[in-house]
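Engineer: Supplied structure: work13.txt, compact mmCIF, N, CA and C atoms.
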# COMPACT_ATOMS: atom_id res chain seq x y z
N MET P 1 -22.38 -1.97 -3.38
CA MET P 1 -21.95 -0.74 -4.02
C MET P 1 -21.99 0.40 -3.00
N GLU P 2 -20.98 1.24 -3.06
CA GLU P 2 -20.87 2.32 -2.09
C GLU P 2 -21.71 3.52 -2.51
N SER P 3 -22.16 4.25 -1.51
CA SER P 3 -22.95 5.44 -1.79
C SER P 3 -22.04 6.61 -2.15
N ILE P 4 -22.63 7.64 -2.72
CA ILE P 4 -21.87 8.85 -3.05
C ILE P 4 -21.28 9.45 -1.79
N THR P 5 -22.05 9.43 -0.70
CA THR P 5 -21.57 9.98 0.57
C THR P 5 -20.34 9.24 1.06
N GLU P 6 -20.35 7.91 0.95
CA GLU P 6 -19.18 7.13 1.38
C GLU P 6 -17.96 7.47 0.53
N ASN P 7 -18.16 7.62 -0.78
CA ASN P 7 -17.05 7.98 -1.67
C ASN P 7 -16.50 9.36 -1.33
N LEU P 8 -17.39 10.33 -1.09
CA LEU P 8 -16.95 11.68 -0.75
C LEU P 8 -16.19 11.69 0.56
N ASN P 9 -16.67 10.94 1.54
CA ASN P 9 -16.00 10.88 2.84
C ASN P 9 -14.61 10.26 2.70
N ARG P 10 -14.51 9.20 1.90
CA ARG P 10 -13.22 8.55 1.70
C ARG P 10 -12.24 9.52 1.01
N PHE P 11 -12.73 10.23 -0.02
CA PHE P 11 -11.89 11.21 -0.69
C PHE P 11 -11.42 12.27 0.31
N GLY P 12 -12.33 12.76 1.14
CA GLY P 12 -11.99 13.78 2.12
C GLY P 12 -10.92 13.33 3.10
N VAL P 13 -11.05 12.12 3.59
CA VAL P 13 -10.05 11.56 4.51
C VAL P 13 -8.71 11.44 3.80
N ASN P 14 -8.72 10.90 2.58
CA ASN P 14 -7.48 10.73 1.84
C ASN P 14 -6.83 12.08 1.52
N LEU P 15 -7.65 13.08 1.20
CA LEU P 15 -7.13 14.42 0.93
C LEU P 15 -6.49 15.01 2.18
N ARG P 16 -7.15 14.87 3.31
CA ARG P 16 -6.62 15.39 4.58
C ARG P 16 -5.26 14.75 4.88
N ILE P 17 -5.16 13.44 4.70
CA ILE P 17 -3.91 12.72 4.96
C ILE P 17 -2.82 13.17 4.00
N ALA P 18 -3.17 13.31 2.73
CA ALA P 18 -2.18 13.72 1.72
C ALA P 18 -1.68 15.14 1.96
N LEU P 19 -2.59 16.03 2.36
CA LEU P 19 -2.17 17.40 2.68
C LEU P 19 -1.18 17.41 3.84
N ALA P 20 -1.50 16.65 4.88
CA ALA P 20 -0.62 16.59 6.05
C ALA P 20 0.74 16.01 5.68
N ALA P 21 0.73 14.98 4.83
CA ALA P 21 1.99 14.35 4.43
C ALA P 21 2.88 15.31 3.65
N LYS P 22 2.27 16.20 2.87
CA LYS P 22 3.02 17.20 2.10
C LYS P 22 3.29 18.47 2.89
N GLY P 23 2.69 18.58 4.07
CA GLY P 23 2.86 19.77 4.90
C GLY P 23 2.15 20.99 4.34
N LEU P 24 1.05 20.76 3.62
CA LEU P 24 0.28 21.86 3.05
C LEU P 24 -1.00 22.10 3.84
N THR P 25 -1.40 23.34 3.90
CA THR P 25 -2.69 23.67 4.50
C THR P 25 -3.75 23.70 3.40
N GLN P 26 -5.00 23.71 3.83
CA GLN P 26 -6.09 23.84 2.87
C GLN P 26 -5.96 25.15 2.09
N GLN P 27 -5.58 26.22 2.77
CA GLN P 27 -5.43 27.52 2.10
C GLN P 27 -4.33 27.48 1.05
N GLN P 28 -3.21 26.83 1.37
CA GLN P 28 -2.12 26.74 0.41
C GLN P 28 -2.54 25.96 -0.83
N LEU P 29 -3.23 24.85 -0.63
CA LEU P 29 -3.72 24.07 -1.77
C LEU P 29 -4.71 24.90 -2.60
N ALA P 30 -5.60 25.60 -1.92
CA ALA P 30 -6.58 26.44 -2.61
C ALA P 30 -5.87 27.49 -3.46
N ASP P 31 -4.86 28.13 -2.92
CA ASP P 31 -4.11 29.14 -3.66
C ASP P 31 -3.44 28.54 -4.89
N ILE P 32 -2.89 27.35 -4.75
CA ILE P 32 -2.17 26.70 -5.85
C ILE P 32 -3.12 26.32 -6.98
N ILE P 33 -4.29 25.76 -6.65
CA ILE P 33 -5.18 25.30 -7.71
C ILE P 33 -6.20 26.34 -8.14
N GLY P 34 -6.22 27.49 -7.45
CA GLY P 34 -7.10 28.57 -7.87
C GLY P 34 -8.53 28.43 -7.42
N THR P 35 -8.70 28.00 -6.18
CA THR P 35 -10.04 27.92 -5.60
C THR P 35 -10.00 28.54 -4.21
N THR P 36 -11.04 28.35 -3.45
CA THR P 36 -11.08 28.93 -2.10
C THR P 36 -10.79 27.86 -1.05
N GLN P 37 -10.39 28.33 0.11
CA GLN P 37 -10.18 27.41 1.24
C GLN P 37 -11.50 26.77 1.62
N GLN P 38 -12.59 27.50 1.47
CA GLN P 38 -13.91 26.95 1.80
C GLN P 38 -14.25 25.77 0.90
N ALA P 39 -13.88 25.86 -0.37
CA ALA P 39 -14.13 24.73 -1.29
C ALA P 39 -13.33 23.51 -0.85
N ILE P 40 -12.07 23.72 -0.52
CA ILE P 40 -11.23 22.61 -0.05
C ILE P 40 -11.83 22.00 1.21
N SER P 41 -12.27 22.85 2.13
CA SER P 41 -12.88 22.37 3.37
C SER P 41 -14.11 21.52 3.09
N ARG P 42 -14.92 21.94 2.15
CA ARG P 42 -16.12 21.16 1.80
C ARG P 42 -15.75 19.79 1.25
N TRP P 43 -14.65 19.74 0.48
CA TRP P 43 -14.19 18.45 -0.05
C TRP P 43 -13.68 17.57 1.08
N VAL P 44 -12.94 18.17 2.01
CA VAL P 44 -12.35 17.40 3.11
C VAL P 44 -13.42 16.80 4.01
N VAL P 45 -14.48 17.55 4.28
CA VAL P 45 -15.53 17.03 5.16
C VAL P 45 -16.59 16.22 4.42
N GLY P 46 -16.48 16.17 3.10
CA GLY P 46 -17.40 15.33 2.32
C GLY P 46 -18.71 15.98 1.96
N ASN P 47 -18.78 17.32 2.02
CA ASN P 47 -20.02 18.01 1.64
C ASN P 47 -20.15 18.23 0.15
N ARG P 48 -19.05 18.29 -0.54
CA ARG P 48 -19.02 18.53 -1.99
C ARG P 48 -17.95 17.67 -2.63
N GLU P 49 -18.08 17.49 -3.93
CA GLU P 49 -17.03 16.80 -4.66
C GLU P 49 -16.36 17.77 -5.62
N PRO P 50 -15.06 17.66 -5.76
CA PRO P 50 -14.36 18.54 -6.68
C PRO P 50 -14.60 18.12 -8.13
N ALA P 51 -14.43 19.08 -9.04
CA ALA P 51 -14.49 18.77 -10.46
C ALA P 51 -13.30 17.90 -10.83
N ILE P 52 -13.44 17.15 -11.90
CA ILE P 52 -12.37 16.23 -12.31
C ILE P 52 -11.06 16.97 -12.55
N ASN P 53 -11.12 18.17 -13.14
CA ASN P 53 -9.87 18.90 -13.37
C ASN P 53 -9.21 19.31 -12.05
N ASP P 54 -10.01 19.59 -11.02
CA ASP P 54 -9.44 19.89 -9.70
C ASP P 54 -8.81 18.64 -9.09
N ILE P 55 -9.45 17.50 -9.27
CA ILE P 55 -8.89 16.24 -8.76
C ILE P 55 -7.53 15.99 -9.40
N LEU P 56 -7.45 16.19 -10.70
CA LEU P 56 -6.19 15.95 -11.40
C LEU P 56 -5.10 16.92 -10.94
N ARG P 57 -5.45 18.18 -10.74
CA ARG P 57 -4.48 19.16 -10.23
C ARG P 57 -3.99 18.76 -8.84
N ILE P 58 -4.94 18.36 -7.98
CA ILE P 58 -4.59 17.95 -6.62
C ILE P 58 -3.63 16.76 -6.66
N CYS P 59 -3.92 15.80 -7.54
CA CYS P 59 -3.06 14.62 -7.65
C CYS P 59 -1.65 14.99 -8.07
N LEU P 60 -1.54 15.91 -9.02
CA LEU P 60 -0.21 16.36 -9.45
C LEU P 60 0.53 17.06 -8.32
N ILE P 61 -0.16 17.92 -7.61
CA ILE P 61 0.46 18.69 -6.53
C ILE P 61 0.87 17.78 -5.37
N LEU P 62 0.00 16.84 -5.03
CA LEU P 62 0.26 15.98 -3.88
C LEU P 62 0.99 14.70 -4.25
N ASP P 63 1.30 14.54 -5.55
CA ASP P 63 1.99 13.35 -6.05
C ASP P 63 1.22 12.08 -5.67
N LYS P 64 -0.07 12.09 -5.99
CA LYS P 64 -0.94 10.96 -5.68
C LYS P 64 -1.59 10.44 -6.96
N ASP P 65 -1.77 9.14 -7.02
CA ASP P 65 -2.53 8.53 -8.10
C ASP P 65 -4.00 8.84 -7.86
N PRO P 66 -4.74 9.24 -8.89
CA PRO P 66 -6.17 9.55 -8.69
C PRO P 66 -6.95 8.40 -8.06
N ASN P 67 -6.65 7.17 -8.45
CA ASN P 67 -7.36 6.03 -7.86
C ASN P 67 -7.14 5.97 -6.35
N ASN P 68 -5.91 6.21 -5.94
CA ASN P 68 -5.60 6.16 -4.50
C ASN P 68 -6.28 7.29 -3.75
N LEU P 69 -6.22 8.50 -4.31
CA LEU P 69 -6.84 9.64 -3.64
C LEU P 69 -8.36 9.46 -3.55
N LEU P 70 -8.94 8.89 -4.59
CA LEU P 70 -10.38 8.65 -4.59
C LEU P 70 -10.77 7.40 -3.80
N GLY P 71 -9.76 6.62 -3.39
CA GLY P 71 -10.03 5.46 -2.56
C GLY P 71 -10.30 4.18 -3.32
N TYR P 72 -9.97 4.18 -4.61
CA TYR P 72 -10.16 2.98 -5.41
C TYR P 72 -8.87 2.20 -5.48
N LYS P 73 -9.00 0.91 -5.65
CA LYS P 73 -7.82 0.08 -5.80
C LYS P 73 -7.31 0.22 -7.23
N GLU P 74 -6.02 0.08 -7.38
CA GLU P 74 -5.44 0.16 -8.71
C GLU P 74 -5.88 -1.04 -9.53
N ILE P 75 -6.07 -0.81 -10.82
CA ILE P 75 -6.47 -1.88 -11.72
C ILE P 75 -5.21 -2.65 -12.12
N PRO P 76 -5.24 -3.97 -11.98
CA PRO P 76 -4.07 -4.75 -12.39
C PRO P 76 -3.76 -4.52 -13.87
N ARG P 77 -2.49 -4.60 -14.22
CA ARG P 77 -2.07 -4.34 -15.61
C ARG P 77 -2.80 -5.23 -16.61
N GLU P 78 -2.97 -6.51 -16.27
CA GLU P 78 -3.63 -7.43 -17.19
C GLU P 78 -5.06 -6.99 -17.47
N THR P 79 -5.73 -6.53 -16.42
CA THR P 79 -7.12 -6.07 -16.58
C THR P 79 -7.16 -4.80 -17.41
N ALA P 80 -6.25 -3.87 -17.15
CA ALA P 80 -6.19 -2.62 -17.92
C ALA P 80 -5.94 -2.92 -19.39
N LYS P 81 -5.04 -3.86 -19.67
CA LYS P 81 -4.74 -4.22 -21.06
C LYS P 81 -5.98 -4.83 -21.71
N ARG P 82 -6.67 -5.69 -20.98
CA ARG P 82 -7.89 -6.31 -21.52
C ARG P 82 -8.93 -5.24 -21.84
N TYR P 83 -9.08 -4.25 -20.96
CA TYR P 83 -10.04 -3.16 -21.21
C TYR P 83 -9.65 -2.37 -22.46
N LYS P 84 -8.36 -2.08 -22.59
CA LYS P 84 -7.90 -1.34 -23.77
C LYS P 84 -8.18 -2.13 -25.04
N ASP P 85 -7.91 -3.44 -25.00
CA ASP P 85 -8.17 -4.29 -26.16
C ASP P 85 -9.65 -4.31 -26.50
N MET P 86 -10.50 -4.37 -25.48
CA MET P 86 -11.95 -4.36 -25.71
C MET P 86 -12.39 -3.04 -26.35
N CYS P 87 -11.79 -1.95 -25.93
CA CYS P 87 -12.17 -0.62 -26.46
C CYS P 87 -11.77 -0.48 -27.92
N LYS P 88 -10.71 -1.16 -28.33
CA LYS P 88 -10.28 -1.11 -29.73
C LYS P 88 -11.35 -1.68 -30.65
N ASN P 89 -12.12 -2.64 -30.13
CA ASN P 89 -13.13 -3.29 -30.94
C ASN P 89 -14.45 -2.51 -31.02
N ILE P 90 -14.57 -1.46 -30.24
CA ILE P 90 -15.79 -0.64 -30.24
C ILE P 90 -15.71 0.35 -31.39
N LYS P 91 -16.75 0.38 -32.17
CA LYS P 91 -16.77 1.31 -33.31
C LYS P 91 -17.82 2.34 -33.17
Please render this file's structure as structure tokens.

Structural biologist:
Amino acid sequence: MESITENLNRFGVNLRIALAAKGLTQQQLADIIGTTQQAISRWVVGNREPAINDILRICLILDKDPNNLLGYKEIPRETAKRYKDMCKNIK
């Protein structure tokens, strides 16, 4: 199992790559999502983690799947369907 630090570092690397691919600076992203450049910098270097709503905004702006940006592999459709079916049985 990976540590929180490893997850944060992976997110930061993926965020840096995605920003470069879109041609956005940290300041531009900060302005768009309503935070500071310092907050974005902390996420990029792995010192802090963004709130889930910030992650979702970033994914929309950068056209990234949250799993990919966070460094997780996509769940196969069959597995996702099985999980949904299991959740239906929970009361």

Engineer: Write out as a PyMOL selection string all residues of chain P that backbone DSSP assigns to helix (DSSP H, G or I).

Structural biologist: chain P and resi 4-22+26-33+37-45+52-62+66-70+77-88

Engineer: P:Asn9, P:Ala51, P:Leu62, P:Gly71: which is nearest Ile32 of chain P, counting only C-alpha atoms?

Structural biologist: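 Among the listed residues, P:Leu62 lies closest to Ile32 of chain P.
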
Engineer: List the spatial neighbours of Arg16 of chain P as number ranges by chain - criterion: any atom at most 8 Å away, only N, CA and C atoms, same-chain residues fewer than 6 positions off excluded.

Structural biologist: P: 10, 22, 43-45

Engineer: Return as lines of an AutoDock Vina configuration file the box centre and box size in Å, one decimal, for an axis-aligned box around all listed atoms of segment 39-57 of chain P padded by 3 Å per side.

Structural biologist:
center_x = -12.1
center_y = 20.6
center_z = -4.1
size_x = 22.2
size_y = 16.5
size_z = 24.5

Engineer: With only C-alpha atoms as the counted atoms, please give the residues lying no more than 9 Å from Glu49 of chain P, apart from itself and same-chain residues fewer than 5 positions off, as a PyMOL selection string.

Structural biologist: chain P and resi 8+11-12+42-43

Engineer: Would you kindly return, as JSON, numbers by chain, each protein, DNA or RNA residue with an atom no farther than 5 Å from any atom of segment 35-41 of chain P, considering all atoms listed in the file and excluding same-chain residues fewer than 5 positions away?

Structural biologist: {"P": [26, 27, 30]}

Engineer: To one decimal place in Å, what is the distance between atom C of Cys59 of chain P and atom C of Ile33 of chain P?

Structural biologist: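 Result for atom C of Cys59 of chain P versus atom C of Ile33 of chain P: 12.2 Å, one decimal.
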
Engineer: Could I get segment 48-59 of chain P rebuilt with all heavy atoms, written as a PDB file, in the coordinates of the input?

Structural biologist:
ATOM      1  N   ARG P  48     -19.050  18.290  -0.540  1.00  0.00           N
ATOM      2  CA  ARG P  48     -19.020  18.530  -1.990  1.00  0.00           C
ATOM      3  C   ARG P  48     -17.950  17.670  -2.630  1.00  0.00           C
ATOM      4  O   ARG P  48     -17.008  17.230  -1.964  1.00  0.00           O
ATOM      5  CB  ARG P  48     -18.708  19.986  -2.298  1.00  0.00           C
ATOM      6  CG  ARG P  48     -19.654  20.968  -1.728  1.00  0.00           C
ATOM      7  CD  ARG P  48     -20.523  21.517  -2.823  1.00  0.00           C
ATOM      8  NE  ARG P  48     -21.197  22.719  -2.324  1.00  0.00           N
ATOM      9  CZ  ARG P  48     -22.499  22.820  -2.279  1.00  0.00           C
ATOM     10  NH1 ARG P  48     -23.255  21.856  -2.689  1.00  0.00           N
ATOM     11  NH2 ARG P  48     -23.059  23.917  -1.815  1.00  0.00           N
ATOM     12  N   GLU P  49     -18.080  17.490  -3.930  1.00  0.00           N
ATOM     13  CA  GLU P  49     -17.030  16.800  -4.660  1.00  0.00           C
ATOM     14  C   GLU P  49     -16.360  17.770  -5.620  1.00  0.00           C
ATOM     15  O   GLU P  49     -17.021  18.628  -6.206  1.00  0.00           O
ATOM     16  CB  GLU P  49     -17.567  15.593  -5.417  1.00  0.00           C
ATOM     17  CG  GLU P  49     -18.541  15.917  -6.511  1.00  0.00           C
ATOM     18  CD  GLU P  49     -19.076  14.693  -7.214  1.00  0.00           C
ATOM     19  OE1 GLU P  49     -19.082  13.607  -6.619  1.00  0.00           O
ATOM     20  OE2 GLU P  49     -19.485  14.831  -8.370  1.00  0.00           O
ATOM     21  N   PRO P  50     -15.060  17.660  -5.760  1.00  0.00           N
ATOM     22  CA  PRO P  50     -14.360  18.540  -6.680  1.00  0.00           C
ATOM     23  C   PRO P  50     -14.600  18.120  -8.130  1.00  0.00           C
ATOM     24  O   PRO P  50     -14.934  16.963  -8.406  1.00  0.00           O
ATOM     25  CB  PRO P  50     -12.890  18.361  -6.306  1.00  0.00           C
ATOM     26  CG  PRO P  50     -12.823  17.013  -5.679  1.00  0.00           C
ATOM     27  CD  PRO P  50     -14.156  16.778  -5.037  1.00  0.00           C
ATOM     28  N   ALA P  51     -14.430  19.080  -9.040  1.00  0.00           N
ATOM     29  CA  ALA P  51     -14.490  18.770 -10.460  1.00  0.00           C
ATOM     30  C   ALA P  51     -13.300  17.900 -10.830  1.00  0.00           C
ATOM     31  O   ALA P  51     -12.263  17.929 -10.155  1.00  0.00           O
ATOM     32  CB  ALA P  51     -14.476  20.070 -11.259  1.00  0.00           C
ATOM     33  N   ILE P  52     -13.440  17.150 -11.900  1.00  0.00           N
ATOM     34  CA  ILE P  52     -12.370  16.230 -12.310  1.00  0.00           C
ATOM     35  C   ILE P  52     -11.060  16.970 -12.550  1.00  0.00           C
ATOM     36  O   ILE P  52      -9.994  16.479 -12.184  1.00  0.00           O
ATOM     37  CB  ILE P  52     -12.782  15.381 -13.532  1.00  0.00           C
ATOM     38  CG1 ILE P  52     -11.763  14.287 -13.824  1.00  0.00           C
ATOM     39  CG2 ILE P  52     -12.991  16.247 -14.762  1.00  0.00           C
ATOM     40  CD1 ILE P  52     -11.683  13.213 -12.783  1.00  0.00           C
ATOM     41  N   ASN P  53     -11.120  18.170 -13.140  1.00  0.00           N
ATOM     42  CA  ASN P  53      -9.870  18.900 -13.370  1.00  0.00           C
ATOM     43  C   ASN P  53      -9.210  19.310 -12.050  1.00  0.00           C
ATOM     44  O   ASN P  53      -7.988  19.357 -11.955  1.00  0.00           O
ATOM     45  CB  ASN P  53     -10.067  20.103 -14.300  1.00  0.00           C
ATOM     46  CG  ASN P  53     -11.086  21.087 -13.798  1.00  0.00           C
ATOM     47  OD1 ASN P  53     -11.933  20.761 -12.977  1.00  0.00           O
ATOM     48  ND2 ASN P  53     -11.030  22.297 -14.310  1.00  0.00           N
ATOM     49  N   ASP P  54     -10.010  19.590 -11.020  1.00  0.00           N
ATOM     50  CA  ASP P  54      -9.440  19.890  -9.700  1.00  0.00           C
ATOM     51  C   ASP P  54      -8.810  18.640  -9.090  1.00  0.00           C
ATOM     52  O   ASP P  54      -7.748  18.714  -8.472  1.00  0.00           O
ATOM     53  CB  ASP P  54     -10.493  20.465  -8.763  1.00  0.00           C
ATOM     54  CG  ASP P  54     -10.894  21.882  -9.136  1.00  0.00           C
ATOM     55  OD1 ASP P  54     -10.033  22.619  -9.664  1.00  0.00           O
ATOM     56  OD2 ASP P  54     -12.061  22.240  -8.910  1.00  0.00           O
ATOM     57  N   ILE P  55      -9.450  17.500  -9.270  1.00  0.00           N
ATOM     58  CA  ILE P  55      -8.890  16.240  -8.760  1.00  0.00           C
ATOM     59  C   ILE P  55      -7.530  15.990  -9.400  1.00  0.00           C
ATOM     60  O   ILE P  55      -6.563  15.640  -8.727  1.00  0.00           O
ATOM     61  CB  ILE P  55      -9.849  15.061  -9.000  1.00  0.00           C
ATOM     62  CG1 ILE P  55     -11.102  15.214  -8.152  1.00  0.00           C
ATOM     63  CG2 ILE P  55      -9.152  13.730  -8.697  1.00  0.00           C
ATOM     64  CD1 ILE P  55     -12.198  14.215  -8.471  1.00  0.00           C
ATOM     65  N   LEU P  56      -7.450  16.190 -10.700  1.00  0.00           N
ATOM     66  CA  LEU P  56      -6.190  15.950 -11.400  1.00  0.00           C
ATOM     67  C   LEU P  56      -5.100  16.920 -10.940  1.00  0.00           C
ATOM     68  O   LEU P  56      -3.950  16.527 -10.745  1.00  0.00           O
ATOM     69  CB  LEU P  56      -6.390  16.023 -12.911  1.00  0.00           C
ATOM     70  CG  LEU P  56      -7.297  14.938 -13.476  1.00  0.00           C
ATOM     71  CD1 LEU P  56      -7.535  15.165 -14.967  1.00  0.00           C
ATOM     72  CD2 LEU P  56      -6.747  13.549 -13.216  1.00  0.00           C
ATOM     73  N   ARG P  57      -5.450  18.180 -10.740  1.00  0.00           N
ATOM     74  CA  ARG P  57      -4.480  19.160 -10.230  1.00  0.00           C
ATOM     75  C   ARG P  57      -3.990  18.760  -8.840  1.00  0.00           C
ATOM     76  O   ARG P  57      -2.806  18.829  -8.534  1.00  0.00           O
ATOM     77  CB  ARG P  57      -5.110  20.552 -10.163  1.00  0.00           C
ATOM     78  CG  ARG P  57      -5.261  21.220 -11.483  1.00  0.00           C
ATOM     79  CD  ARG P  57      -5.804  22.633 -11.288  1.00  0.00           C
ATOM     80  NE  ARG P  57      -6.219  23.193 -12.544  1.00  0.00           N
ATOM     81  CZ  ARG P  57      -7.444  23.579 -12.841  1.00  0.00           C
ATOM     82  NH1 ARG P  57      -8.409  23.491 -11.955  1.00  0.00           N
ATOM     83  NH2 ARG P  57      -7.728  24.076 -14.026  1.00  0.00           N
ATOM     84  N   ILE P  58      -4.940  18.360  -7.980  1.00  0.00           N
ATOM     85  CA  ILE P  58      -4.590  17.950  -6.620  1.00  0.00           C
ATOM     86  C   ILE P  58      -3.630  16.760  -6.660  1.00  0.00           C
ATOM     87  O   ILE P  58      -2.647  16.715  -5.930  1.00  0.00           O
ATOM     88  CB  ILE P  58      -5.863  17.609  -5.808  1.00  0.00           C
ATOM     89  CG1 ILE P  58      -6.660  18.883  -5.547  1.00  0.00           C
ATOM     90  CG2 ILE P  58      -5.511  16.906  -4.507  1.00  0.00           C
ATOM     91  CD1 ILE P  58      -8.072  18.625  -5.056  1.00  0.00           C
ATOM     92  N   CYS P  59      -3.920  15.800  -7.540  1.00  0.00           N
ATOM     93  CA  CYS P  59      -3.060  14.620  -7.650  1.00  0.00           C
ATOM     94  C   CYS P  59      -1.650  14.990  -8.070  1.00  0.00           C
ATOM     95  O   CYS P  59      -0.673  14.438  -7.561  1.00  0.00           O
ATOM     96  CB  CYS P  59      -3.666  13.611  -8.624  1.00  0.00           C
ATOM     97  SG  CYS P  59      -5.142  12.814  -7.976  1.00  0.00           S
TER      98      CYS P  59
END
